[in-house]
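Asks: Compact mmCIF, C-alpha atoms and all ligand atoms, file structure06.txt:
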# COMPACT_ATOMS: atom_id res chain seq x y z
CA MET J 131 2.94 -28.62 41.56
CA ALA J 132 0.76 -28.19 38.51
CA LYS J 133 0.93 -24.79 36.87
CA VAL J 134 -1.42 -23.31 34.32
CA ASN J 135 -0.34 -21.58 31.14
CA ALA J 136 0.36 -18.12 32.53
CA TYR J 137 -0.09 -16.56 29.08
CA PHE J 138 -3.83 -17.03 29.55
CA ASP J 139 -3.61 -14.13 32.02
CA ASN J 140 -2.80 -11.91 29.04
CA LEU J 141 -6.10 -12.65 27.30
CA VAL J 142 -8.53 -9.78 27.30
CA PRO J 143 -11.89 -11.07 28.48
CA ASN J 144 -14.04 -11.31 25.38
CA TYR J 145 -17.22 -9.65 26.54
CA LEU J 146 -18.53 -8.83 23.09
CA PHE J 147 -21.11 -11.53 22.36
CA ALA J 148 -21.83 -12.23 26.03
CA GLU J 149 -22.53 -8.53 26.55
CA THR J 150 -24.69 -8.14 23.44
CA ALA J 151 -26.69 -11.24 24.53
CA LYS J 152 -27.04 -9.88 28.07
CA ARG J 153 -28.34 -6.50 26.90
CA THR J 154 -30.66 -8.13 24.34
CA ASN J 155 -32.11 -10.52 26.91
CA ALA J 156 -32.68 -7.70 29.39
CA TYR J 157 -34.52 -5.76 26.68
CA ILE J 158 -36.68 -8.78 25.79
CA ALA J 159 -37.53 -9.34 29.46
CA ALA J 160 -38.57 -5.70 29.82
CA HIS J 161 -40.46 -5.59 26.48
CA PRO J 162 -41.93 -9.05 25.87
CA GLU J 163 -44.38 -7.61 23.33
CA LYS J 164 -41.63 -6.31 21.02
CA LYS J 165 -40.36 -8.29 18.03
CA VAL J 166 -36.58 -8.20 18.27
CA ILE J 167 -34.67 -8.63 14.98
CA ARG J 168 -31.15 -10.00 15.27
CA LEU J 169 -28.70 -8.91 12.62
CA GLY J 170 -25.68 -9.42 14.84
CA ILE J 171 -25.28 -13.13 14.38
CA GLY J 172 -22.39 -14.62 12.45
CA ASP J 173 -24.28 -17.88 12.04
CA VAL J 174 -26.19 -18.95 8.95
CA THR J 175 -29.95 -19.53 8.96
CA GLN J 176 -30.67 -21.29 5.65
CA PRO J 177 -30.78 -25.11 5.91
CA LEU J 178 -28.28 -27.53 4.38
CA PRO J 179 -28.77 -28.06 0.63
CA PRO J 180 -30.84 -31.22 -0.11
CA VAL J 181 -27.98 -32.84 -2.05
CA VAL J 182 -25.77 -32.55 1.06
CA VAL J 183 -28.41 -34.08 3.32
CA GLU J 184 -28.87 -37.00 0.91
CA ALA J 185 -25.12 -37.62 0.74
CA MET J 186 -24.83 -37.57 4.54
CA LYS J 187 -27.69 -40.06 4.83
CA ARG J 188 -25.98 -42.34 2.30
CA GLY J 189 -22.77 -42.09 4.33
CA CYS J 190 -24.66 -43.11 7.49
CA ASP J 191 -26.27 -46.05 5.71
CA GLU J 192 -22.85 -47.28 4.60
CA LEU J 193 -21.60 -47.16 8.17
CA GLY J 194 -24.46 -49.45 9.18
CA VAL J 195 -23.44 -52.23 6.82
CA LYS J 196 -20.47 -54.51 7.54
CA GLU J 197 -19.14 -54.45 3.97
CA THR J 198 -19.09 -50.67 3.75
CA PHE J 199 -18.44 -49.81 7.40
CA LYS J 200 -15.55 -47.43 8.03
CA GLY J 201 -13.55 -46.76 11.16
CA TYR J 202 -11.04 -43.98 11.71
CA PRO J 203 -10.85 -41.71 8.67
CA ASP J 204 -7.54 -40.63 7.11
CA TYR J 205 -6.01 -37.69 9.00
CA GLU J 206 -5.90 -35.65 5.81
CA GLY J 207 -9.47 -36.47 4.76
CA TYR J 208 -10.81 -39.00 2.25
CA ALA J 209 -9.33 -38.76 -1.24
CA PHE J 210 -12.81 -38.34 -2.77
CA LEU J 211 -13.31 -35.10 -0.82
CA ARG J 212 -9.81 -33.76 -1.40
CA GLU J 213 -10.16 -34.43 -5.12
CA ALA J 214 -13.52 -32.64 -5.14
CA ILE J 215 -11.93 -29.62 -3.40
CA SER J 216 -9.02 -29.66 -5.85
CA GLY J 217 -11.59 -29.62 -8.70
CA TYR J 218 -13.37 -26.70 -7.04
CA TYR J 219 -10.15 -24.66 -7.01
CA ALA J 220 -9.62 -25.54 -10.68
CA SER J 221 -13.11 -24.17 -11.43
CA PHE J 222 -11.84 -20.69 -10.62
CA GLY J 223 -8.46 -21.18 -12.22
CA VAL J 224 -6.31 -22.11 -9.21
CA THR J 225 -4.18 -25.24 -9.22
CA VAL J 226 -4.13 -27.04 -5.90
CA ALA J 227 -3.34 -30.77 -5.77
CA ALA J 228 -5.52 -33.12 -3.73
CA ASP J 229 -2.49 -34.08 -1.64
CA GLU J 230 -1.93 -30.45 -0.64
CA ILE J 231 -5.32 -30.37 1.10
CA MET J 232 -5.99 -31.32 4.72
CA VAL J 233 -9.66 -31.71 5.64
CA ASN J 234 -10.68 -30.52 9.10
CA ASP J 235 -13.68 -29.81 11.31
CA GLY J 236 -13.81 -26.14 10.33
CA ALA J 237 -11.52 -23.20 9.75
CA LYS J 238 -11.50 -22.11 13.38
CA SER J 239 -9.58 -25.20 14.45
CA ASP J 240 -6.79 -24.70 11.94
CA ALA J 241 -6.72 -20.91 12.31
CA GLY J 242 -6.31 -21.49 16.03
CA ASN J 243 -4.00 -24.51 15.95
CA PHE J 244 -1.64 -23.81 13.06
CA GLY J 245 0.64 -21.89 15.39
CA ASP J 246 1.53 -25.26 17.02
CA ILE J 247 4.15 -25.89 14.35
CA PHE J 248 5.85 -22.50 14.70
CA SER J 249 8.31 -21.43 17.34
CA GLN J 250 7.18 -19.12 20.11
CA ASP J 251 9.62 -16.40 19.11
CA ASN J 252 7.92 -15.64 15.81
CA THR J 253 6.42 -12.16 15.61
CA VAL J 254 2.80 -12.24 14.52
CA LEU J 255 1.08 -9.58 12.45
CA VAL J 256 -2.70 -9.26 12.33
CA THR J 257 -4.93 -6.63 10.82
CA ASP J 258 -7.11 -4.58 13.18
CA PRO J 259 -10.16 -4.98 13.36
CA VAL J 260 -9.55 -8.70 13.59
CA TYR J 261 -11.27 -12.07 13.93
CA PRO J 262 -10.30 -12.67 17.58
CA VAL J 263 -9.10 -16.28 17.09
CA TYR J 264 -5.82 -15.16 15.50
CA VAL J 265 -5.01 -12.89 18.40
CA ASP J 266 -6.13 -15.02 21.32
CA THR J 267 -4.42 -18.21 20.17
CA ASN J 268 -1.12 -16.36 19.74
CA ILE J 269 -1.51 -14.73 23.14
CA MET J 270 -2.00 -18.23 24.56
CA SER J 271 1.30 -19.21 22.95
CA GLY J 272 3.12 -16.15 24.28
CA ARG J 273 3.93 -14.63 20.90
CA LYS J 274 4.49 -10.97 20.24
CA ILE J 275 1.64 -9.51 18.17
CA LEU J 276 1.78 -6.47 15.90
CA TYR J 277 -1.27 -4.80 14.44
CA ALA J 278 -1.74 -3.34 10.96
CA ASP J 279 -4.43 -0.67 11.02
CA CYS J 280 -7.48 -1.09 8.82
CA THR J 281 -9.26 2.25 8.64
CA ALA J 282 -11.74 4.09 6.48
CA GLU J 283 -8.74 5.79 4.83
CA ASN J 284 -7.31 2.52 3.49
CA GLY J 285 -10.73 0.99 2.79
CA PHE J 286 -10.18 -1.37 5.74
CA CYS J 287 -7.46 -3.12 3.75
CA ALA J 288 -4.17 -2.60 5.61
CA MET J 289 -1.10 -2.89 3.43
CA PRO J 290 2.37 -4.14 4.45
CA ASP J 291 4.81 -1.66 5.95
CA PRO J 292 8.36 -2.56 4.85
CA SER J 293 9.76 -1.15 8.11
CA VAL J 294 7.74 -3.66 10.17
CA LYS J 295 9.25 -7.10 10.61
CA ALA J 296 6.76 -9.92 11.04
CA ASP J 297 7.12 -13.68 10.64
CA LEU J 298 3.55 -14.97 10.70
CA ILE J 299 0.88 -12.87 9.02
CA TYR J 300 -2.84 -13.55 9.35
CA LEU J 301 -4.95 -12.15 6.52
CA CYS J 302 -8.68 -12.64 6.17
CA SER J 303 -10.27 -11.69 2.85
CA PRO J 304 -13.20 -11.14 2.50
CA ASN J 305 -12.86 -9.95 6.02
CA ASN J 306 -14.74 -10.66 9.19
CA PRO J 307 -15.77 -8.21 10.61
CA THR J 308 -15.34 -5.46 8.00
CA GLY J 309 -16.47 -7.26 4.84
CA ALA J 310 -13.61 -5.56 2.97
CA ALA J 311 -11.75 -7.71 0.43
CA TYR J 312 -8.24 -7.41 -0.98
CA THR J 313 -7.71 -6.97 -4.72
CA TYR J 314 -5.13 -9.03 -6.60
CA ASP J 315 -2.56 -6.21 -6.49
CA GLN J 316 -3.02 -5.71 -2.76
CA LEU J 317 -2.57 -9.41 -2.05
CA LYS J 318 0.45 -9.44 -4.34
CA ALA J 319 2.01 -6.73 -2.15
CA TRP J 320 1.50 -8.96 0.91
CA VAL J 321 2.97 -11.96 -0.90
CA ASP J 322 6.00 -9.89 -1.95
CA TYR J 323 6.42 -8.68 1.63
CA ALA J 324 6.19 -12.24 2.98
CA ILE J 325 8.78 -13.53 0.51
CA ALA J 326 11.13 -10.63 1.25
CA ASN J 327 10.86 -11.27 5.00
CA ASN J 328 10.80 -15.09 4.93
CA ALA J 329 7.40 -14.79 6.53
CA VAL J 330 4.39 -17.10 6.22
CA ILE J 331 0.89 -15.83 5.40
CA LEU J 332 -1.95 -17.68 7.08
CA PHE J 333 -4.76 -16.78 4.73
CA ASP J 334 -8.35 -17.19 5.90
CA ALA J 335 -10.67 -17.59 2.91
CA ALA J 336 -13.77 -18.59 4.90
CA TYR J 337 -15.89 -16.12 2.92
CA GLU J 338 -14.46 -16.66 -0.58
CA ALA J 339 -17.82 -17.93 -1.88
CA TYR J 340 -19.28 -14.43 -1.41
CA ILE J 341 -16.84 -12.77 -3.81
CA THR J 342 -18.52 -11.16 -6.77
CA GLU J 343 -15.90 -8.70 -8.03
CA GLU J 344 -13.50 -9.82 -10.75
CA ASN J 345 -10.31 -8.35 -9.30
CA VAL J 346 -10.79 -9.94 -5.87
CA PRO J 347 -9.04 -13.34 -5.73
CA ARG J 348 -10.96 -16.23 -4.22
CA SER J 349 -7.72 -17.80 -3.10
CA ILE J 350 -4.31 -16.45 -2.14
CA PHE J 351 -2.96 -19.08 -4.54
CA ALA J 352 -4.35 -17.08 -7.43
CA VAL J 353 -1.51 -14.67 -6.61
CA GLU J 354 1.89 -15.22 -8.14
CA GLY J 355 4.45 -16.31 -5.54
CA ALA J 356 1.90 -17.32 -2.89
CA ARG J 357 2.81 -20.99 -3.05
CA GLN J 358 6.21 -20.14 -1.59
CA CYS J 359 4.86 -18.29 1.41
CA ALA J 360 1.21 -19.05 2.21
CA VAL J 361 -1.20 -21.50 3.73
CA GLU J 362 -4.95 -21.12 3.10
CA MET J 363 -7.79 -22.00 5.41
CA CYS J 364 -11.29 -22.42 4.12
CA SER J 365 -14.61 -23.58 5.44
CA LEU J 366 -17.97 -24.88 4.34
CA SER J 367 -19.64 -23.12 7.27
CA LYS J 368 -20.71 -19.95 5.52
CA THR J 369 -20.53 -21.41 2.02
CA ALA J 370 -22.87 -24.35 2.48
CA GLY J 371 -24.44 -23.98 5.92
CA PHE J 372 -21.96 -26.26 7.74
CA THR J 373 -21.68 -24.20 10.94
CA GLY J 374 -23.27 -27.05 12.88
CA THR J 375 -22.13 -29.90 10.62
CA ARG J 376 -18.44 -28.89 10.81
CA CYS J 377 -16.12 -29.28 7.85
CA GLY J 378 -13.35 -27.16 6.40
CA TYR J 379 -9.97 -27.57 4.75
CA THR J 380 -6.48 -26.15 4.74
CA VAL J 381 -4.26 -25.96 1.67
CA ILE J 382 -0.50 -26.28 2.16
CA PRO J 383 1.58 -26.15 -1.04
CA HIS J 384 4.23 -28.85 -1.43
CA GLU J 385 7.00 -26.31 -1.87
CA LEU J 386 6.28 -24.33 1.33
CA THR J 387 9.25 -24.68 3.66
CA VAL J 388 10.36 -22.76 6.73
CA ASP J 389 13.80 -23.24 8.29
CA GLY J 390 14.33 -25.94 5.67
CA LYS J 391 11.34 -27.87 7.03
CA ASN J 392 8.38 -28.84 4.89
CA ILE J 393 5.23 -27.22 6.34
CA TYR J 394 2.81 -29.83 4.99
CA LYS J 395 4.82 -32.58 6.70
CA LEU J 396 4.99 -30.69 9.98
CA TRP J 397 1.28 -29.96 9.95
CA TYR J 398 0.47 -33.58 9.02
CA ARG J 399 2.59 -34.68 11.99
CA ARG J 400 0.67 -32.32 14.24
CA GLU J 401 -2.70 -33.49 12.96
CA ALA J 402 -1.75 -37.16 13.25
CA THR J 403 -0.91 -36.50 16.89
CA LYS J 404 -3.84 -34.36 17.96
CA PHE J 405 -6.70 -34.93 15.49
CA ASN J 406 -8.53 -38.05 14.37
CA GLY J 407 -10.26 -36.68 11.33
CA VAL J 408 -13.75 -35.72 10.20
CA SER J 409 -16.59 -38.26 10.22
CA TYR J 410 -17.37 -40.15 7.03
CA PRO J 411 -20.99 -38.92 6.60
CA VAL J 412 -19.85 -35.31 7.01
CA GLN J 413 -17.14 -35.79 4.38
CA CYS J 414 -19.76 -37.34 2.06
CA GLY J 415 -21.95 -34.26 2.59
CA ALA J 416 -18.97 -31.96 2.02
CA ALA J 417 -18.07 -33.69 -1.25
CA ALA J 418 -21.68 -33.22 -2.42
CA VAL J 419 -21.21 -29.44 -2.07
CA PHE J 420 -18.68 -29.57 -4.91
CA THR J 421 -20.92 -31.46 -7.37
CA PRO J 422 -22.68 -29.37 -10.05
CA GLU J 423 -25.97 -29.94 -8.21
CA GLY J 424 -24.39 -28.93 -4.89
CA GLN J 425 -22.91 -25.79 -6.40
CA ALA J 426 -26.30 -24.83 -7.85
CA GLN J 427 -28.03 -25.41 -4.51
CA ILE J 428 -25.52 -23.45 -2.40
CA LYS J 429 -25.74 -20.63 -4.91
CA GLU J 430 -29.39 -20.19 -3.98
CA ASN J 431 -28.46 -19.74 -0.33
CA LEU J 432 -25.55 -17.46 -1.14
CA ASN J 433 -27.79 -15.33 -3.36
CA TYR J 434 -30.34 -15.13 -0.57
CA TYR J 435 -27.72 -13.74 1.83
CA LYS J 436 -26.24 -11.48 -0.86
CA GLU J 437 -29.65 -9.96 -1.52
CA ASN J 438 -30.00 -9.28 2.21
CA ALA J 439 -26.59 -7.60 2.10
CA ARG J 440 -27.69 -5.52 -0.86
CA ILE J 441 -30.81 -4.40 1.00
CA ILE J 442 -28.74 -3.36 4.02
CA GLY J 443 -26.20 -1.56 1.81
CA ALA J 444 -28.93 0.24 -0.15
CA THR J 445 -30.47 1.45 3.12
CA LEU J 446 -27.13 2.78 4.34
CA ASP J 447 -26.62 4.50 0.97
CA GLU J 448 -30.02 6.11 1.33
CA LEU J 449 -29.15 7.27 4.84
CA GLY J 450 -25.76 8.58 3.69
CA ILE J 451 -23.90 6.32 6.15
CA PRO J 452 -20.41 5.24 5.00
CA TYR J 453 -19.79 1.49 5.02
CA THR J 454 -17.65 -1.31 3.65
CA GLY J 455 -18.57 -4.89 2.83
CA GLY J 456 -21.79 -6.39 1.61
CA VAL J 457 -20.48 -6.78 -1.94
CA ASN J 458 -17.97 -9.63 -1.55
CA SER J 459 -19.09 -10.53 1.93
CA PRO J 460 -22.08 -11.27 4.17
CA TYR J 461 -20.89 -8.56 6.57
CA ILE J 462 -21.68 -4.86 6.40
CA TRP J 463 -19.49 -2.57 8.45
CA PHE J 464 -20.56 1.03 8.93
CA ARG J 465 -19.68 4.12 10.87
CA CYS J 466 -22.04 4.75 13.76
CA PRO J 467 -24.14 7.82 13.01
CA ASN J 468 -23.82 11.08 14.95
CA GLY J 469 -20.38 10.24 16.36
CA MET J 470 -21.77 7.52 18.60
CA THR J 471 -19.62 4.71 19.99
CA GLY J 472 -20.48 1.18 18.96
CA TRP J 473 -22.10 0.45 22.32
CA GLU J 474 -24.09 3.71 22.30
CA PHE J 475 -25.44 2.84 18.87
CA PHE J 476 -26.13 -0.74 19.95
CA ASP J 477 -28.23 0.50 22.88
CA GLU J 478 -30.03 3.09 20.80
CA MET J 479 -30.96 0.59 18.08
CA LEU J 480 -32.14 -1.92 20.63
CA GLU J 481 -34.16 0.57 22.66
CA LYS J 482 -35.71 2.49 19.79
CA ILE J 483 -36.24 -0.10 17.06
CA ALA J 484 -35.52 -3.51 18.69
CA VAL J 485 -32.78 -4.40 16.20
CA VAL J 486 -29.59 -6.13 17.35
CA GLY J 487 -26.18 -5.71 15.70
CA THR J 488 -22.58 -6.00 16.83
CA PRO J 489 -20.51 -3.04 18.06
CA GLY J 490 -17.17 -2.86 16.26
CA ASP J 491 -15.30 -2.18 19.49
CA GLY J 492 -14.94 -5.88 20.25
CA PHE J 493 -12.79 -6.49 17.16
CA GLY J 494 -9.94 -4.13 17.94
CA LYS J 495 -9.16 -0.45 18.44
CA ASN J 496 -10.00 0.44 14.83
CA GLY J 497 -13.48 -0.95 15.36
CA GLU J 498 -14.37 1.81 17.80
CA GLY J 499 -17.25 3.88 16.44
CA TRP J 500 -18.08 1.22 13.82
CA PHE J 501 -20.82 -1.36 13.71
CA ARG J 502 -21.34 -4.77 12.06
CA LEU J 503 -24.58 -6.08 10.59
CA THR J 504 -24.82 -9.47 8.95
CA SER J 505 -26.87 -10.65 6.02
CA PHE J 506 -27.49 -14.09 7.55
CA GLY J 507 -30.98 -13.16 8.77
CA ASP J 508 -34.36 -13.88 7.32
CA ARG J 509 -35.32 -11.71 4.29
CA GLU J 510 -38.51 -10.24 5.75
CA ASN J 511 -36.75 -9.47 9.03
CA THR J 512 -33.85 -7.84 7.22
CA LYS J 513 -36.25 -5.64 5.27
CA GLU J 514 -38.20 -4.77 8.38
CA ALA J 515 -35.02 -3.95 10.31
CA MET J 516 -33.95 -1.59 7.54
CA GLU J 517 -37.34 0.16 7.53
CA ARG J 518 -37.03 0.57 11.28
CA LEU J 519 -33.47 1.92 10.92
CA LYS J 520 -34.66 4.48 8.37
CA SER J 521 -37.45 5.63 10.68
CA MET J 522 -35.05 5.86 13.62
CA LEU J 523 -32.45 7.91 11.80
CA ALA J 524 -34.92 10.08 9.94
CA LYS J 525 -36.14 11.53 13.24
N1 LIG J 601 -12.60 -17.63 9.95
C1 LIG J 601 -13.39 -16.55 9.99
C2 LIG J 601 -12.87 -15.27 9.48
C3 LIG J 601 -14.67 -16.61 10.55
O1 LIG J 601 -15.44 -15.53 10.59
C4 LIG J 601 -15.13 -17.85 11.04
C5 LIG J 601 -16.45 -17.99 11.65
O2 LIG J 601 -17.16 -17.09 11.94
C6 LIG J 601 -14.27 -18.93 10.99
C7 LIG J 601 -13.02 -18.80 10.43
C8 LIG J 601 -14.65 -20.23 11.59
O3 LIG J 601 -15.34 -21.02 10.73
P1 LIG J 601 -15.63 -22.53 11.02
O4 LIG J 601 -17.08 -22.62 11.32
O5 LIG J 601 -15.23 -23.21 9.75
O6 LIG J 601 -14.80 -23.00 12.16
Take the structure in the file and write it out as structure tokens.
Ligand code: PLP

Replies:
Amino acid sequence: MAKVNAYFDNLVPNYLFAETAKRTNAYIAAHPEKKVIRLGIGDVTQPLPPVVVEAMKRGCDELGVKETFKGYPDYEGYAFLREAISGYYASFGVTVAADEIMVNDGAKSDAGNFGDIFSQDNTVLVTDPVYPVYVDTNIMSGRKILYADCTAENGFCAMPDPSVKADLIYLCSPNNPTGAAYTYDQLKAWVDYAIANNAVILFDAAYEAYITEENVPRSIFAVEGARQCAVEMCSLSKTAGFTGTRCGYTVIPHELTVDGKNIYKLWYRREATKFNGVSYPVQCGAAAVFTPEGQAQIKENLNYYKENARIIGATLDELGIPYTGGVNSPYIWFRCPNGMTGWEFFDEMLEKIAVVGTPGDGFGKNGEGWFRLTSFGDRENTKEAMERLKSMLAK
């Protein structure tokens, strides 16, 4: 008799985005004349940079010609892309070899699948609030999960507790949902903890391109000792508008071993079994991101989002509402005014000013009473939403 994975019963139904969509749609149906502004989305809105589009077209053309046609790509990604990524790391002073990089179809896949190579009896540590993928995939595998509290008191940057024993640690900096980012010294404390506990850090750097502050590392591998204990996942989704195009990469240092086993080799074995690589035109487009022209073009998009973030942050400053994020991140995370819960504030914003955000409650217990806005919207809409927020809270 077939049996399903009973651990799926332990998943908490993720109502967050379904529920925000349901409430928003009900509002739109009841108020068709109102212009609803959505600042809840975690998806980008600016188009792909022209240099990326051109490179993807060239890749397609090559596939249509017998002499340049390509079949299955390498599991680890084409060398031209891995070398471009290695050069990108070098541009901010981090040494990562091309053969330590595995190209993938986005950071979610590797963040979700990396657990495949680890035994079920590892204890997992995540920070709370948390990007739900880390939690749900480990629940699916039946692992024990511990939570490190991110609160206003610690600036939403939980630090390791030496009395807690964890084997696999998921860190996301700059963070989704809080926008908070670890400094070098804070990351060094996590690296020291991981080494002392023979633990592995799974570091999610999906938002590294938004970092503006000097003391915030763009890679865990900027931190001394990290090569012994960490893997890094990164993505072109929020950096270069690849949410629909799909391309990311994971860095696994040669020297990273667990139980005497080389982690790169184990992960390669896993990928060779379950993954057939990223399409050639997409890898051509991804490599174009790392050219000087590509970097200049993505900067325009990043600056556009950063300016939106600044506008949101300035409005919250004006309103005297405490928040994190927005500086090294496209996310702004603030305390709901007047002691409201996230859902109460969501409803009030929707009803009174037709602006949609995301209640923090869906990201963990420390998200209760907090709220996430994103800077991925249109500039005029972002400005208008902030004017509406000011008028709502001024009353
Ligand atoms: N990691 C974090 C922290 C994210 O917020 C997201 C997307 O929202 C991802 C990974 C997934 O990115 P990708 O589109 O590369 O799968």

Asks: Could you list, as JSON, numbers by chain, all the residues within 8 Å of ligand LIG 601 (chain J), counting only C-alpha atoms and all ligand atoms?

Replies: {"J": [172, 173, 235, 236, 237, 238, 239, 241, 261, 302, 303, 305, 306, 307, 334, 335, 336, 337, 363, 364, 365, 366, 367, 368, 372, 373, 374, 376, 377, 378]}

Asks: Please compute the CA of Thr342 (chain J)-CA of Asn458 (chain J) distance, one decimal, in Å.

Replies: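 Here the two named atoms are 5.5 Å from each other.
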
Asks: In the coordinates of the file, take the point (-20.8, -6.5, -2.6) and a cut-off of 9 Å; then, counting all atoms listed in the file, name each qualifying protein, DNA or RNA residue as a ChimeraX atom specification.

Replies: /J:309,340-343,436,439-440,443,454-460

Asks: Check the smallest atom-to-atom distance from each of J:Ala352, J:Asp139, J:Asn268, J:Phe506 to Asn433 (chain J) using only C-alpha atoms, then report the winner.

Replies: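 Nearest to Asn433 (chain J): J:Phe506.
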
Asks: Under the rule that all atoms listed in the file are counted, which of J:Glu498, J:Glu401, J:Asp389, J:Asp315 is the nearest residue to Asn234 (chain J)?

Replies: J:Glu401

Asks: Pick from J:Ile393, J:Leu193, J:Val412, J:Leu480: nearest to His161 (chain J), with only C-alpha atoms counted?

Replies: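 Ranking J:Ile393, J:Leu193, J:Val412, J:Leu480 by distance to His161 (chain J), first place goes to J:Leu480.
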
Asks: Rounded to one decimal place, report the CA of Gln176 (chain J)-CA of Ala417 (chain J) distance in Å.

Replies: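 Distance reported for this atom pair: 19.0 Å.
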
Asks: Can you tell me which residues surround Thr512 (chain J) at a distance of at most 9 Å, considering only C-alpha atoms, apart from same-chain residues fewer than 5 positions away, and format the answer as a compact mmCIF listing (two decimals) with C-alpha atoms, keeping the file's coordinate frame?

Replies:
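Contents of out.txt, freshly written:
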# COMPACT_ATOMS: atom_id res chain seq x y z
CA ILE J 167 -34.67 -8.63 14.98
CA ARG J 168 -31.15 -10.00 15.27
CA LEU J 169 -28.70 -8.91 12.62
CA ASN J 438 -30.00 -9.28 2.21
CA ALA J 439 -26.59 -7.60 2.10
CA ILE J 441 -30.81 -4.40 1.00
CA ILE J 442 -28.74 -3.36 4.02
CA SER J 505 -26.87 -10.65 6.02
CA PHE J 506 -27.49 -14.09 7.55
CA GLY J 507 -30.98 -13.16 8.77
CA GLU J 517 -37.34 0.16 7.53

Asks: Have a look at J:Val330, J:Gly285, J:Cys414, J:Asp266 and name the one nearest to Pro143 (chain J); count only C-alpha atoms.

Replies: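 Selected residue with least distance to Pro143 (chain J): J:Asp266.
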
Asks: With all atoms listed in the file as the atoms that count, which of J:Arg153, J:Lys165, J:Lys295, J:Arg502 lies nearest to Glu478 (chain J)?

Replies: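 Closest residue, counting all atoms listed in the file: J:Arg153.
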
Asks: Find the residue from J:Gly472, J:Gly194, J:Gly189, J:Gly245 that sits nearest to Phe493 (chain J); use only C-alpha atoms when measuring.

Replies: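 Using only C-alpha atoms, Phe493 (chain J) sits closest to J:Gly472.
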
Asks: Could you list, as a list of chain:residue names, every residue within 9 Å of Leu446 (chain J), counting all atoms listed in the file and ignoring same-chain residues fewer than 4 positions away?

Replies: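 Final neighbour list, sorted by chain and number: J:Ile441, J:Ile442, J:Gly450, J:Ile451, J:Pro452, J:Tyr453, J:Phe464, J:Met516, J:Lys520.
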
Asks: How many Å lie between CA of Gly487 (chain J) and CA of Ala156 (chain J), rounded to one decimal?

Replies: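 That distance, rounded to one decimal, is 15.3 Å.
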
Asks: For Ala185 (chain J), work out the shell of residues within 12 Å, counting all atoms listed in the file and skipping chain neighbours fewer than 4 positions away, then give it as a VMD selection string.

Replies: chain J and resid 178 to 181 189 to 192 410 to 421 423 to 424

Asks: For region 218-228 of chain J, find every residue with an atom within 8 Å (counting all atoms listed in the file), except residues of its own chain fewer than 3 positions away, and show them as a list in words.

Replies: Ala209, Arg212, Glu213, Ala214, Ile215, Ile231, Arg348, Ser349, Phe351, Ala352, Val381, Pro383 and Phe420 of chain J
